[in-house]
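One structure below.
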Amino acid sequence: MQTMRQQFVPILGKLTNKVHLKRLYLDYNATSPLSQSVLDWLKSGDIIFANPSSQHSAGKASRKIINESRNLIFSTFKAPEKEHKLFFHSGATEGLHSVMHSFVEHTHKKKNKLLVCFSKIDHPVVVSFLEKFWGEHVEFFDLSIGSDLEYQHEKNLLALKEKKQSDKDLTILYHHLWVHNETGYVSPLSDLQAFKTIPDLYIHVDAVQAPGKIPEWFELCGGDAWTFSAHKFGALKGVGFTLMKKDLPFTALLLGGGQQFNLRSGTENVQGVLSLSLALKDLKKISVEKTAEKRLQFVDFFNKNFLDVATLLQSPNRKINSNTVYFYLHTLTSDVALALFDIQGLEISAGSACSSGAAKASAILLALNLKEVARNGLRLSFALDFTDEDLEQLKTQMLIILLKLKSV
């Protein structure tokens, strides 16, 4: 008997002969296109190039951009500079590693134990911390999650209190994923307040998927540090920032010239920071509610048409962001399905990162004990200004895909 993959190859071949379709990019959670203000700036050719540490006029012009961008971030996130510190970096991977490194160094110098808390459905960067040896003083705690993939706060709080009671000098670094990139599930920051009753517990919030996708994206609470990646909301790749409270212990990952108040050495990426600033201003104009309404319309369409071939992952008990739809197909793995969607003009993503074109099991589906379809996860993530025209185009092309899926 032919495998599903073998049966599907002829269908892909026939599809390649179709008239070219208008393409629709639906992978905003991976990388968003440049915002309009960033595009206008790049087209203008007004590129600031000088080293912001230089004392000549060109260098001072670069420094002015850095300072204005810092002020914009402090203002946007209602984080007064007198109470917070900020450094720019290359994005989430570096930001998350920087905070981890800092706590490893801090506790090593104090000769204390460090307990790092994370979830198995966390950002791959955080999960990968287990692969590196940080020192004998570093241990990890796998946070409990429930059947709806929600943090089990009461259970986790009790366990961490017991660990702290057994070691009064223990330092705890708690990684919290605010908005999940695959499912869109939101884990509110307000739920973290109880953890702050534990002495020497610090909360680092992965805020990468929050900007423009939940109404409260600029309201930082419950944590001690928040990391953002700017290419998720319309800026150039290779730039992000971490905001943190001034009393947070911090030792820089990158040492050298002492730039950025010794929080991260290295010549600042002025172009990246300016693009971040421009994109952030554009982001403030986005209506999260309008995007969420389009998402609900699509979910209704999906449930009416696709239940025979796919299952939508959505719990009625979970808050979800405005632009993400996660589902799995009943018969096709994600690598094959992505080819079908792409040929049909829809640029979407597999539920988890893929390598060498091979489908990789989704941590989300594995956590839900859906092993048989763990390689079938798919994610649509809409533009933050998704239009009625976009929605109708998506519906039309999805119906064509539905016919193909039913013919397999």
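Simple scheme: letters A, B, ... for chains in structure tokens order, numbers from 1 for residues in each chain, numbers from 1 for ligands in the order shown.
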9 Å contact set for range 21-37 of chain A, only C-alpha atoms, chain neighbours under 3 positions out, as a PyMOL selection string: chain A and resi 18+40-42+181-182+209+231-237+275+278-279+281-283+323-324+342-349+379-384+390+393-394
Selection to disk with N, CA and C atoms, as a compact mmCIF listing (two decimals), in the first residue's frame:
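Written out: selection32.txt:
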```txt
# COMPACT_ATOMS: atom_id res chain seq x y z
N LYS A 18 -1.11 24.95 -12.27
CA LYS A 18 -2.19 25.92 -12.11
C LYS A 18 -1.69 27.32 -12.39
N ASP A 40 9.35 53.38 4.40
CA ASP A 40 9.51 54.77 3.94
C ASP A 40 10.90 55.29 4.27
N TRP A 41 11.40 54.97 5.46
CA TRP A 41 12.73 55.42 5.87
C TRP A 41 13.81 54.81 4.98
N LEU A 42 13.71 53.50 4.72
CA LEU A 42 14.71 52.84 3.89
C LEU A 42 14.69 53.40 2.46
N ASN A 181 3.93 31.21 20.75
CA ASN A 181 4.05 31.50 19.31
C ASN A 181 3.29 30.52 18.45
N GLU A 182 3.08 29.29 18.90
CA GLU A 182 2.35 28.30 18.10
C GLU A 182 0.85 28.39 18.30
N GLN A 209 5.99 37.58 21.57
CA GLN A 209 4.77 37.50 20.76
C GLN A 209 3.65 38.41 21.24
N HIS A 231 11.81 42.14 15.06
CA HIS A 231 11.35 41.69 13.75
C HIS A 231 9.99 41.00 13.83
N LYS A 232 9.47 40.84 15.04
CA LYS A 232 8.12 40.30 15.20
C LYS A 232 7.06 41.39 15.04
N PHE A 233 7.47 42.67 15.05
CA PHE A 233 6.47 43.73 14.89
C PHE A 233 6.89 44.81 13.89
N GLY A 234 7.64 44.40 12.85
CA GLY A 234 7.83 45.30 11.72
C GLY A 234 9.17 45.96 11.59
N ALA A 235 10.15 45.62 12.44
CA ALA A 235 11.48 46.21 12.35
C ALA A 235 12.42 45.28 11.59
N LEU A 236 13.65 45.74 11.39
CA LEU A 236 14.65 44.91 10.76
C LEU A 236 14.99 43.71 11.64
N LYS A 237 15.49 42.66 11.02
CA LYS A 237 15.95 41.50 11.79
C LYS A 237 17.26 41.86 12.52
N SER A 275 14.90 51.37 13.22
CA SER A 275 13.78 50.62 12.64
C SER A 275 12.84 50.14 13.74
N LEU A 278 10.69 53.13 14.79
CA LEU A 278 9.66 53.44 13.78
C LEU A 278 8.54 52.40 13.80
N ALA A 279 8.93 51.13 13.90
CA ALA A 279 7.93 50.06 13.92
C ALA A 279 7.06 50.15 15.17
N LYS A 281 6.23 52.82 16.80
CA LYS A 281 5.26 53.91 16.61
C LYS A 281 4.10 53.45 15.73
N ASP A 282 4.41 52.69 14.67
CA ASP A 282 3.35 52.16 13.81
C ASP A 282 2.47 51.18 14.58
N LEU A 283 3.08 50.40 15.45
CA LEU A 283 2.36 49.38 16.21
C LEU A 283 1.28 50.00 17.09
N ASN A 323 -4.16 36.96 16.47
CA ASN A 323 -3.78 36.65 15.08
C ASN A 323 -3.38 35.21 14.80
N THR A 324 -3.48 34.32 15.80
CA THR A 324 -2.92 32.98 15.62
C THR A 324 -4.00 31.90 15.56
N ASP A 342 1.60 26.19 0.12
CA ASP A 342 2.46 27.13 -0.59
C ASP A 342 2.10 27.20 -2.06
N ILE A 343 1.88 26.05 -2.68
CA ILE A 343 1.50 26.01 -4.09
C ILE A 343 0.16 26.70 -4.29
N GLN A 344 -0.69 26.63 -3.29
CA GLN A 344 -2.00 27.28 -3.37
C GLN A 344 -1.93 28.76 -3.01
N GLY A 345 -0.73 29.27 -2.73
CA GLY A 345 -0.56 30.70 -2.50
C GLY A 345 -0.64 31.14 -1.06
N LEU A 346 -0.70 30.19 -0.12
CA LEU A 346 -0.78 30.54 1.30
C LEU A 346 0.53 30.18 1.99
N GLU A 347 1.21 31.19 2.49
CA GLU A 347 2.51 31.00 3.13
C GLU A 347 2.31 30.92 4.63
N ILE A 348 2.29 29.69 5.14
CA ILE A 348 2.02 29.44 6.55
C ILE A 348 3.23 28.73 7.17
N SER A 349 3.08 28.25 8.38
CA SER A 349 4.21 27.65 9.08
C SER A 349 3.80 26.31 9.68
N ARG A 379 0.39 26.28 11.56
CA ARG A 379 0.03 27.55 12.20
C ARG A 379 -0.18 28.63 11.15
N LEU A 380 -1.31 29.31 11.28
CA LEU A 380 -1.55 30.53 10.52
C LEU A 380 -1.40 31.70 11.49
N SER A 381 -0.64 32.70 11.11
CA SER A 381 -0.55 33.89 11.95
C SER A 381 -0.75 35.11 11.06
N PHE A 382 -1.85 35.82 11.31
CA PHE A 382 -2.29 36.91 10.45
C PHE A 382 -1.47 38.18 10.63
N ALA A 383 -1.55 39.03 9.63
CA ALA A 383 -1.03 40.39 9.77
C ALA A 383 -1.80 41.10 10.88
N LEU A 384 -1.15 42.05 11.52
CA LEU A 384 -1.82 42.77 12.60
C LEU A 384 -2.84 43.77 12.08
N ASP A 390 -8.28 40.35 2.75
CA ASP A 390 -7.37 39.25 3.08
C ASP A 390 -8.14 38.03 3.56
N GLN A 393 -9.90 36.26 0.67
CA GLN A 393 -8.92 35.54 -0.14
C GLN A 393 -8.50 34.25 0.57
N LEU A 394 -8.27 34.35 1.87
CA LEU A 394 -7.87 33.17 2.65
C LEU A 394 -8.96 32.11 2.60
```
query: So which residues touch Ser287 in chain A within 12 Å, counting only C-alpha atoms, skipping near sequence neighbours fewer than 2 positions away, as a PyMOL selection string?
result: chain A and resi 211-217+282-285+289-294+322-323+383-387
Which residue of A:Tyr328, A:Phe140, A:Trp134, A:Phe228 approaches Leu280 in chain A most closely, using only C-alpha atoms: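 Using only C-alpha atoms, Leu280 in chain A sits closest to A:Phe228.
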field: Residue list (helix (DSSP H, G or I), DSSP) for range 89-177 of chain A, as a ChimeraX atom specification
entry: /A:92-110,124-131,153-166
field: Separation of CA of Val125 in chain A from CA of Thr93 in chain A, in Å and rounded to one decimal
entry: 6.2 Å
